[in-house]
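Undergrad: Structure file upload-v7.cif (mmCIF, C-alpha atoms) right here:
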```
data_upload
#
loop_
_atom_site.label_atom_id
_atom_site.label_comp_id
_atom_site.auth_asym_id
_atom_site.auth_seq_id
_atom_site.Cartn_x
_atom_site.Cartn_y
_atom_site.Cartn_z
CA MET I 1 -18.56 37.87 36.18
CA ILE I 2 -17.65 34.97 33.95
CA GLN I 3 -20.80 33.21 32.79
CA ARG I 4 -19.63 30.33 30.65
CA ILE I 5 -16.98 29.04 28.33
CA ASP I 6 -17.88 30.80 25.12
CA HIS I 7 -15.64 28.77 22.85
CA LEU I 8 -12.48 26.77 22.41
CA GLY I 9 -10.17 27.86 19.62
CA ILE I 10 -8.46 24.86 18.02
CA ALA I 11 -5.56 25.36 15.60
CA VAL I 12 -5.64 23.09 12.54
CA ASN I 13 -3.61 22.94 9.37
CA LYS I 14 -6.58 22.60 7.02
CA LEU I 15 -10.26 23.07 7.80
CA GLU I 16 -11.19 20.59 5.08
CA GLU I 17 -9.20 17.87 6.85
CA ALA I 18 -10.36 18.75 10.36
CA ILE I 19 -14.09 19.30 9.81
CA PRO I 20 -14.74 15.61 8.92
CA LEU I 21 -13.13 14.57 12.20
CA TYR I 22 -15.69 16.54 14.19
CA GLU I 23 -18.58 15.65 11.87
CA LYS I 24 -18.03 11.98 11.09
CA ALA I 25 -16.14 10.78 14.15
CA LEU I 26 -17.87 12.88 16.81
CA GLY I 27 -21.23 13.56 15.16
CA LEU I 28 -21.13 17.36 15.44
CA LYS I 29 -22.27 19.71 12.68
CA CYS I 30 -20.26 22.52 11.14
CA GLU I 31 -22.55 25.54 11.18
CA ARG I 32 -20.59 28.04 9.17
CA ILE I 33 -17.16 29.00 7.93
CA GLU I 34 -16.02 32.59 8.40
CA GLU I 35 -12.84 34.32 7.37
CA VAL I 36 -11.49 36.80 9.94
CA ALA I 37 -9.15 38.90 7.84
CA THR I 38 -7.72 40.85 10.78
CA GLN I 39 -6.59 37.60 12.44
CA LYS I 40 -5.57 35.97 9.16
CA VAL I 41 -7.64 32.87 9.85
CA ARG I 42 -10.52 30.91 8.40
CA THR I 43 -12.79 29.58 11.13
CA ALA I 44 -15.26 26.69 11.20
CA PHE I 45 -17.90 26.92 13.93
CA PHE I 46 -19.55 24.07 15.82
CA THR I 47 -21.94 24.30 18.78
CA VAL I 48 -21.72 21.85 21.69
CA GLY I 49 -24.24 22.63 24.42
CA GLY I 50 -23.71 26.30 25.33
CA THR I 51 -20.17 26.38 23.98
CA HIS I 52 -18.66 26.65 20.52
CA LEU I 53 -15.69 24.98 18.94
CA GLU I 54 -13.81 27.20 16.52
CA LEU I 55 -11.39 25.43 14.22
CA LEU I 56 -8.76 27.95 13.13
CA GLU I 57 -6.82 27.61 9.88
CA PRO I 58 -4.17 30.22 9.06
CA THR I 59 -4.60 32.14 5.81
CA ALA I 60 -1.10 33.63 5.77
CA GLU I 61 2.36 32.65 6.92
CA ASP I 62 2.43 35.51 9.42
CA SER I 63 -0.90 34.53 10.98
CA PRO I 64 -0.67 33.98 14.76
CA ILE I 65 -2.15 30.53 14.12
CA ALA I 66 0.62 29.71 11.62
CA LYS I 67 3.19 30.52 14.30
CA PHE I 68 1.36 28.37 16.86
CA LEU I 69 1.20 25.44 14.43
CA LYS I 70 4.87 25.75 13.68
CA ASP I 71 5.84 25.86 17.36
CA ARG I 72 3.41 23.36 18.86
CA GLY I 73 1.46 21.62 16.10
CA GLU I 74 -2.29 21.21 15.93
CA GLY I 75 -4.25 21.44 19.18
CA VAL I 76 -6.15 23.70 21.55
CA HIS I 77 -5.05 27.27 20.90
CA HIS I 78 -7.16 29.28 23.33
CA VAL I 79 -10.05 29.18 25.80
CA ALA I 80 -12.63 31.99 25.69
CA PHE I 81 -14.80 32.94 28.65
CA ALA I 82 -17.99 34.99 28.14
CA THR I 83 -18.55 37.71 30.70
CA ASP I 84 -21.30 40.26 31.37
CA ASP I 85 -18.69 42.85 32.33
CA LEU I 86 -15.70 42.73 30.01
CA LEU I 87 -14.09 45.95 31.23
CA GLY I 88 -14.48 44.98 34.88
CA GLN I 89 -13.12 41.51 34.19
CA LEU I 90 -10.08 42.95 32.43
CA ALA I 91 -9.46 45.33 35.33
CA GLN I 92 -9.70 42.43 37.78
CA ALA I 93 -7.22 40.37 35.76
CA LYS I 94 -4.82 43.28 35.51
CA GLY I 95 -5.17 44.04 39.22
CA ALA I 96 -4.27 40.43 40.00
CA GLY I 97 -1.04 40.84 38.05
CA LEU I 98 -1.99 39.23 34.76
CA ARG I 99 -0.45 40.47 31.53
CA LEU I 100 -3.03 41.71 29.03
CA ILE I 101 -2.45 41.27 25.31
CA ASN I 102 -5.32 43.69 24.70
CA GLU I 103 -5.50 46.49 27.25
CA ALA I 104 -8.88 47.41 25.77
CA PRO I 105 -11.44 45.20 23.97
CA VAL I 106 -11.16 44.74 20.20
CA PRO I 107 -13.76 43.45 17.72
CA GLY I 108 -13.77 39.66 17.35
CA ALA I 109 -15.69 37.11 15.29
CA GLY I 110 -19.47 37.07 15.50
CA GLY I 111 -19.83 40.71 16.55
CA LYS I 112 -18.23 40.19 19.94
CA GLN I 113 -15.83 42.39 21.81
CA VAL I 114 -12.80 40.41 22.93
CA ALA I 115 -9.54 40.78 24.84
CA PHE I 116 -6.74 38.25 25.31
CA LEU I 117 -4.65 37.54 28.39
CA HIS I 118 -1.06 36.49 27.82
CA PRO I 119 -0.42 32.76 28.35
CA LYS I 120 2.78 33.49 30.24
CA SER I 121 0.61 34.96 32.99
CA THR I 122 -2.15 32.33 32.75
CA ARG I 123 -0.03 29.20 33.13
CA GLY I 124 0.15 28.33 29.48
CA VAL I 125 -3.52 28.77 28.63
CA LEU I 126 -4.04 31.58 26.12
CA THR I 127 -7.22 33.04 27.62
CA GLU I 128 -9.79 35.22 25.86
CA LEU I 129 -12.45 37.23 27.63
CA CYS I 130 -15.43 38.20 25.48
CA THR I 131 -18.89 39.65 25.52
CA ASP I 132 -21.81 37.71 24.18
CA GLY I 133 -22.57 38.42 20.53
CA GLN I 134 -25.85 40.07 21.42
CA HIS I 135 -24.29 42.57 23.83
CA MET S 136 -24.90 12.08 20.78
CA ILE S 137 -22.55 14.62 22.28
CA GLN S 138 -24.47 16.95 24.55
CA ARG S 139 -21.95 19.42 25.87
CA ILE S 140 -18.34 19.99 26.80
CA ASP S 141 -18.19 18.30 30.18
CA HIS S 142 -14.82 19.70 31.20
CA LEU S 143 -11.42 20.94 30.20
CA GLY S 144 -8.45 19.27 31.83
CA ILE S 145 -5.63 21.76 32.43
CA ALA S 146 -2.18 20.53 33.44
CA VAL S 147 -0.48 22.61 36.15
CA ASN S 148 2.67 22.18 38.18
CA LYS S 149 1.08 23.04 41.54
CA LEU S 150 -2.60 23.40 42.38
CA GLU S 151 -1.75 25.88 45.12
CA GLU S 152 -0.16 28.21 42.56
CA ALA S 153 -2.81 27.76 39.89
CA ILE S 154 -6.00 28.00 41.97
CA PRO S 155 -5.42 31.69 42.87
CA LEU S 156 -5.14 32.51 39.17
CA TYR S 157 -8.64 31.24 38.54
CA GLU S 158 -10.05 32.62 41.79
CA LYS S 159 -8.45 36.05 42.09
CA ALA S 160 -7.79 36.96 38.47
CA LEU S 161 -10.88 35.41 36.88
CA GLY S 162 -13.30 35.39 39.82
CA LEU S 163 -14.16 31.67 39.69
CA LYS S 164 -14.50 29.50 42.79
CA CYS S 165 -12.69 26.24 43.46
CA GLU S 166 -15.38 23.79 44.53
CA ARG S 167 -13.35 20.84 45.66
CA ILE S 168 -10.01 19.11 45.41
CA GLU S 169 -9.97 15.38 44.67
CA GLU S 170 -7.10 12.96 44.37
CA VAL S 171 -7.50 10.38 41.60
CA ALA S 172 -5.02 7.72 42.63
CA THR S 173 -5.41 5.65 39.46
CA GLN S 174 -4.40 8.65 37.34
CA LYS S 175 -1.77 9.88 39.80
CA VAL S 176 -3.22 13.38 39.89
CA ARG S 177 -4.74 15.84 42.30
CA THR S 178 -7.60 17.74 40.70
CA ALA S 179 -9.18 21.11 41.54
CA PHE S 180 -12.71 21.57 40.16
CA PHE S 181 -14.34 24.80 39.01
CA THR S 182 -17.73 25.23 37.32
CA VAL S 183 -18.23 27.72 34.46
CA GLY S 184 -21.75 27.60 33.05
CA GLY S 185 -22.45 23.96 32.20
CA THR S 186 -18.77 23.06 31.96
CA HIS S 187 -16.06 22.31 34.49
CA LEU S 188 -12.43 23.22 34.60
CA GLU S 189 -10.24 20.54 36.13
CA LEU S 190 -6.76 21.64 37.12
CA LEU S 191 -4.52 18.57 37.14
CA GLU S 192 -1.39 18.33 39.27
CA PRO S 193 0.74 15.18 39.03
CA THR S 194 1.30 13.25 42.25
CA ALA S 195 4.09 11.04 40.90
CA GLU S 196 6.87 11.32 38.38
CA ASP S 197 5.29 8.63 36.22
CA SER S 198 1.90 10.36 36.14
CA PRO S 199 0.65 11.03 32.59
CA ILE S 200 0.36 14.68 33.62
CA ALA S 201 4.00 14.78 34.70
CA LYS S 202 4.99 13.57 31.23
CA PHE S 203 2.77 16.17 29.57
CA LEU S 204 4.26 18.96 31.70
CA LYS S 205 7.77 17.83 30.88
CA ASP S 206 7.06 17.70 27.14
CA ARG S 207 4.82 20.73 26.68
CA GLY S 208 4.62 22.72 29.90
CA GLU S 209 1.46 23.91 31.59
CA GLY S 210 -1.66 24.25 29.46
CA VAL S 211 -4.82 22.56 28.20
CA HIS S 212 -4.34 18.81 28.51
CA HIS S 213 -7.65 17.41 27.27
CA VAL S 214 -11.20 18.24 26.22
CA ALA S 215 -14.03 16.05 27.53
CA PHE S 216 -17.39 15.72 25.80
CA ALA S 217 -20.41 14.38 27.69
CA THR S 218 -22.57 11.97 25.73
CA ASP S 219 -25.82 10.11 26.39
CA ASP S 220 -24.47 7.06 24.55
CA LEU S 221 -20.85 6.43 25.40
CA LEU S 222 -20.62 3.00 23.77
CA GLY S 223 -22.28 4.20 20.57
CA GLN S 224 -20.04 7.27 20.47
CA LEU S 225 -16.94 5.12 20.87
CA ALA S 226 -18.11 2.81 18.10
CA GLN S 227 -18.72 5.81 15.83
CA ALA S 228 -15.25 7.19 16.53
CA LYS S 229 -13.65 3.82 15.90
CA GLY S 230 -15.67 3.34 12.72
CA ALA S 231 -14.42 6.72 11.47
CA GLY S 232 -10.84 5.52 11.91
CA LEU S 233 -9.95 7.15 15.22
CA ARG S 234 -7.50 5.45 17.56
CA LEU S 235 -9.01 4.66 20.96
CA ILE S 236 -6.86 4.80 24.08
CA ASN S 237 -9.66 3.02 25.95
CA GLU S 238 -11.47 0.44 23.84
CA ALA S 239 -14.05 0.21 26.62
CA PRO S 240 -15.08 2.83 29.22
CA VAL S 241 -13.18 3.03 32.50
CA PRO S 242 -14.14 4.73 35.77
CA GLY S 243 -13.18 8.42 35.94
CA ALA S 244 -13.47 11.20 38.51
CA GLY S 245 -16.90 12.07 39.89
CA GLY S 246 -18.44 8.64 39.25
CA LYS S 247 -18.33 8.98 35.47
CA GLN S 248 -17.46 6.39 32.89
CA VAL S 249 -14.83 7.75 30.50
CA ALA S 250 -12.82 6.77 27.43
CA PHE S 251 -10.00 8.66 25.73
CA LEU S 252 -9.29 9.06 22.02
CA HIS S 253 -5.66 9.28 20.99
CA PRO S 254 -4.52 12.82 20.07
CA LYS S 255 -2.62 11.50 17.05
CA SER S 256 -6.01 10.67 15.53
CA THR S 257 -7.80 13.82 16.78
CA ARG S 258 -5.40 16.44 15.40
CA GLY S 259 -3.52 17.08 18.61
CA VAL S 260 -6.52 17.38 20.92
CA LEU S 261 -6.54 14.63 23.55
CA THR S 262 -10.28 13.96 23.58
CA GLU S 263 -12.28 12.30 26.34
CA LEU S 264 -15.80 10.99 25.94
CA CYS S 265 -17.74 10.58 29.18
CA THR S 266 -21.13 9.90 30.66
CA ASP S 267 -22.71 12.38 32.99
CA GLY S 268 -21.98 11.68 36.65
CA GLN S 269 -25.61 10.88 37.39
CA HIS S 270 -25.89 8.27 34.65
#
```
Translate this file's structure into structure tokens.

TA:
Amino acid sequence: MIQRIDHLGIAVNKLEEAIPLYEKALGLKCERIEEVATQKVRTAFFTVGGTHLELLEPTAEDSPIAKFLKDRGEGVHHVAFATDDLLGQLAQAKGAGLRLINEAPVPGAGGKQVAFLHPKSTRGVLTELCTDGQH
Amino acid sequence: MIQRIDHLGIAVNKLEEAIPLYEKALGLKCERIEEVATQKVRTAFFTVGGTHLELLEPTAEDSPIAKFLKDRGEGVHHVAFATDDLLGQLAQAKGAGLRLINEAPVPGAGGKQVAFLHPKSTRGVLTELCTDGQH
């Protein structure tokens, strides 16, 4: 079952411009910056209660985040739900008619396994299902 | 300080079409439906860990949600952060140069006091600051 919102992915043009917004204006603290080469992004992590914010900056013109920024501009890119049963959750989503971007889990940031559901089948919300990092 | 993500507001065309997505495909449970006349929306509430999802359906053509749907389609509309010091948080945001939609808190759903920050000053993320309902 879904246990919590693991993180929000937020597309930004430049981490160095966006981090001060969350630090100075909202009082949050950037914990680390990580480059995810497979996704062609640099990510800045914040923790808010039991949820993370991940600011996503594209590192290449063909990054999925670069395409999103071009089409829609900066803003919320995806919502990730942590589950204790990723395979079961994916099967449930597929059984309910949702379109899976990842038919099977793939490695994500922070040692998690992740799978994305297509926003055309989730009413415009690009949805990620993921395990907890410690699983 | 900001304590947690209180909720995500998600704009949808019809609650009756969107609720089954979250119930059948993701296994969440709709807890209640509330009409917020001042905002011209009907809202369906789900709880995920310490955070809520609020599906927002416009009830009038001049609802802010109707405008969002027309401009951008269904998707994440706003991110709300719960704080133990709403006035101080607003002052901090203003001091950092952010544009406030509400200079002072206004009543929101569930008995909360809320204030919105303009997305042009928060890199495309319409941001709500709110008290907890019990405060």

Undergrad: Define the interface residues of chain S facing chain I as those within 8 Å, counting only C-alpha atoms, and report them as a VMD selection string.

TA: chain S and resid 136 to 140 147 153 156 159 to 163 183 to 186 208 to 211 224 227 to 233 257 to 260

Undergrad: In Å, how far is it from atom CA of Lys112 of chain I to atom CA of Glu61 of chain I?

TA: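 These atoms are spaced 25.5 Å apart.
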
Undergrad: Could you check the closest approach to Cys30 of chain I for each of I:Asp85, I:Phe68, I:Gly9, I:Phe45 and tell me which residue wins, using all atoms listed in the file?

TA: I:Phe45

Undergrad: Between S:Leu221, S:Asn237, S:Ala215, S:Gly245, which is the closest to Thr262 of chain S once you count all atoms listed in the file?

TA: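 Result for the nearest residue to Thr262 of chain S: S:Ala215.
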
Undergrad: As AutoDock Vina command-line options, please: the centre and edge lengths in Å, to one decimal, of an axis-aligned box enclosing every listed atom of segment 89-105 of chain I with 4 Å added on each side.

TA:
```
--center_x -6.8 --center_y 43.3 --center_z 32.0 --size_x 20.7 --size_y 16.2 --size_z 24.0
```

Undergrad: Translate the PyMOL selection byres ((chain S and resi 174) around 10), as applied to the file shown, into an explicit residue set as a count of residues only.

TA: 17

Undergrad: For atom CA of Pro105 of chain I and atom CA of Glu54 of chain I, quote the distance in Å rounded to one decimal.

TA: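 We find that atom CA of Pro105 of chain I and atom CA of Glu54 of chain I lie 19.6 Å from each other.
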
Undergrad: To one decimal place, how far is atom CA of His253 of chain S from atom CA of Phe181 of chain S in Å?

TA: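 Value for the atom CA of His253 of chain S-atom CA of Phe181 of chain S distance: 25.3 Å.
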
Undergrad: Mind telling me what the PyMOL selection byres ((chain I and resi 101) around 7) catches here, as a list of chain:residue names?

TA: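 Applied to this file, the PyMOL selection byres ((chain I and resi 101) around 7) returns I:Arg99, I:Leu100, I:Asn102, I:Glu103, I:Phe116, I:Leu117, I:His118.
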
Undergrad: Take segment 27-38 of chain I, bring it up to all heavy atoms, and give me the output as an mmCIF file, in the frame of the given file.

TA:
```cif
data_model
loop_
_atom_site.group_PDB
_atom_site.id
_atom_site.type_symbol
_atom_site.label_atom_id
_atom_site.label_comp_id
_atom_site.auth_asym_id
_atom_site.auth_seq_id
_atom_site.Cartn_x
_atom_site.Cartn_y
_atom_site.Cartn_z
ATOM 1 N N GLY I 27 -19.797 13.338 15.389
ATOM 2 C CA GLY I 27 -21.230 13.560 15.160
ATOM 3 C C GLY I 27 -21.681 14.993 15.346
ATOM 4 O O GLY I 27 -22.876 15.255 15.475
ATOM 5 N N LEU I 28 -20.758 15.945 15.342
ATOM 6 C CA LEU I 28 -21.130 17.360 15.440
ATOM 7 C C LEU I 28 -21.385 17.919 14.047
ATOM 8 O O LEU I 28 -21.119 17.254 13.041
ATOM 9 C CB LEU I 28 -20.026 18.141 16.157
ATOM 10 C CG LEU I 28 -19.690 17.629 17.560
ATOM 11 C CD1 LEU I 28 -18.481 18.352 18.132
ATOM 12 C CD2 LEU I 28 -20.889 17.798 18.504
ATOM 13 N N LYS I 29 -21.902 19.142 13.979
ATOM 14 C CA LYS I 29 -22.270 19.710 12.680
ATOM 15 C C LYS I 29 -21.600 21.063 12.506
ATOM 16 O O LYS I 29 -21.766 21.952 13.341
ATOM 17 C CB LYS I 29 -23.799 19.854 12.612
ATOM 18 C CG LYS I 29 -24.326 20.544 11.392
ATOM 19 C CD LYS I 29 -24.988 19.563 10.418
ATOM 20 C CE LYS I 29 -25.311 20.231 9.087
ATOM 21 N NZ LYS I 29 -24.171 20.364 8.197
ATOM 22 N N CYS I 30 -20.853 21.218 11.435
ATOM 23 C CA CYS I 30 -20.260 22.520 11.140
ATOM 24 C C CYS I 30 -21.355 23.480 10.711
ATOM 25 O O CYS I 30 -22.091 23.215 9.764
ATOM 26 C CB CYS I 30 -19.195 22.380 10.046
ATOM 27 S SG CYS I 30 -18.445 23.963 9.606
ATOM 28 N N GLU I 31 -21.449 24.605 11.437
ATOM 29 C CA GLU I 31 -22.550 25.540 11.180
ATOM 30 C C GLU I 31 -22.216 26.590 10.144
ATOM 31 O O GLU I 31 -23.064 27.009 9.364
ATOM 32 C CB GLU I 31 -22.941 26.227 12.490
ATOM 33 C CG GLU I 31 -23.586 25.255 13.450
ATOM 34 C CD GLU I 31 -23.654 25.790 14.855
ATOM 35 O OE1 GLU I 31 -23.337 26.983 15.057
ATOM 36 O OE2 GLU I 31 -23.999 25.013 15.752
ATOM 37 N N ARG I 32 -20.978 27.039 10.173
ATOM 38 C CA ARG I 32 -20.590 28.040 9.170
ATOM 39 C C ARG I 32 -19.083 28.152 9.145
ATOM 40 O O ARG I 32 -18.395 27.747 10.102
ATOM 41 C CB ARG I 32 -21.225 29.406 9.450
ATOM 42 C CG ARG I 32 -20.676 30.141 10.652
ATOM 43 C CD ARG I 32 -21.365 31.509 10.822
ATOM 44 N NE ARG I 32 -20.605 32.399 11.694
ATOM 45 C CZ ARG I 32 -20.640 32.365 13.015
ATOM 46 N NH1 ARG I 32 -21.384 31.487 13.637
ATOM 47 N NH2 ARG I 32 -19.919 33.222 13.736
ATOM 48 N N ILE I 33 -18.583 28.696 8.054
ATOM 49 C CA ILE I 33 -17.160 29.000 7.930
ATOM 50 C C ILE I 33 -17.049 30.500 7.709
ATOM 51 O O ILE I 33 -17.805 31.082 6.920
ATOM 52 C CB ILE I 33 -16.532 28.207 6.766
ATOM 53 C CG1 ILE I 33 -16.506 26.711 7.126
ATOM 54 C CG2 ILE I 33 -15.130 28.714 6.461
ATOM 55 C CD1 ILE I 33 -16.012 25.811 6.024
ATOM 56 N N GLU I 34 -16.156 31.122 8.455
ATOM 57 C CA GLU I 34 -16.020 32.590 8.400
ATOM 58 C C GLU I 34 -14.544 32.926 8.300
ATOM 59 O O GLU I 34 -13.721 32.330 8.993
ATOM 60 C CB GLU I 34 -16.613 33.173 9.701
ATOM 61 C CG GLU I 34 -16.513 34.692 9.829
ATOM 62 C CD GLU I 34 -17.120 35.209 11.154
ATOM 63 O OE1 GLU I 34 -17.975 34.519 11.748
ATOM 64 O OE2 GLU I 34 -16.691 36.296 11.599
ATOM 65 N N GLU I 35 -14.221 33.853 7.422
ATOM 66 C CA GLU I 35 -12.840 34.320 7.370
ATOM 67 C C GLU I 35 -12.717 35.593 8.194
ATOM 68 O O GLU I 35 -13.527 36.514 8.059
ATOM 69 C CB GLU I 35 -12.401 34.593 5.913
ATOM 70 C CG GLU I 35 -10.960 35.039 5.840
ATOM 71 C CD GLU I 35 -10.308 34.786 4.485
ATOM 72 O OE1 GLU I 35 -10.912 34.092 3.640
ATOM 73 O OE2 GLU I 35 -9.194 35.320 4.269
ATOM 74 N N VAL I 36 -11.732 35.606 9.116
ATOM 75 C CA VAL I 36 -11.490 36.800 9.940
ATOM 76 C C VAL I 36 -10.178 37.394 9.435
ATOM 77 O O VAL I 36 -9.084 36.958 9.823
ATOM 78 C CB VAL I 36 -11.427 36.447 11.441
ATOM 79 C CG1 VAL I 36 -11.292 37.721 12.276
ATOM 80 C CG2 VAL I 36 -12.661 35.677 11.874
ATOM 81 N N ALA I 37 -10.320 38.373 8.539
ATOM 82 C CA ALA I 37 -9.150 38.900 7.840
ATOM 83 C C ALA I 37 -8.143 39.513 8.803
ATOM 84 O O ALA I 37 -6.926 39.350 8.641
ATOM 85 C CB ALA I 37 -9.584 39.926 6.797
ATOM 86 N N THR I 38 -8.639 40.179 9.851
ATOM 87 C CA THR I 38 -7.720 40.850 10.780
ATOM 88 C C THR I 38 -6.851 39.839 11.520
ATOM 89 O O THR I 38 -5.731 40.156 11.898
ATOM 90 C CB THR I 38 -8.508 41.676 11.819
ATOM 91 O OG1 THR I 38 -9.462 40.815 12.455
ATOM 92 C CG2 THR I 38 -9.237 42.836 11.169
#
```
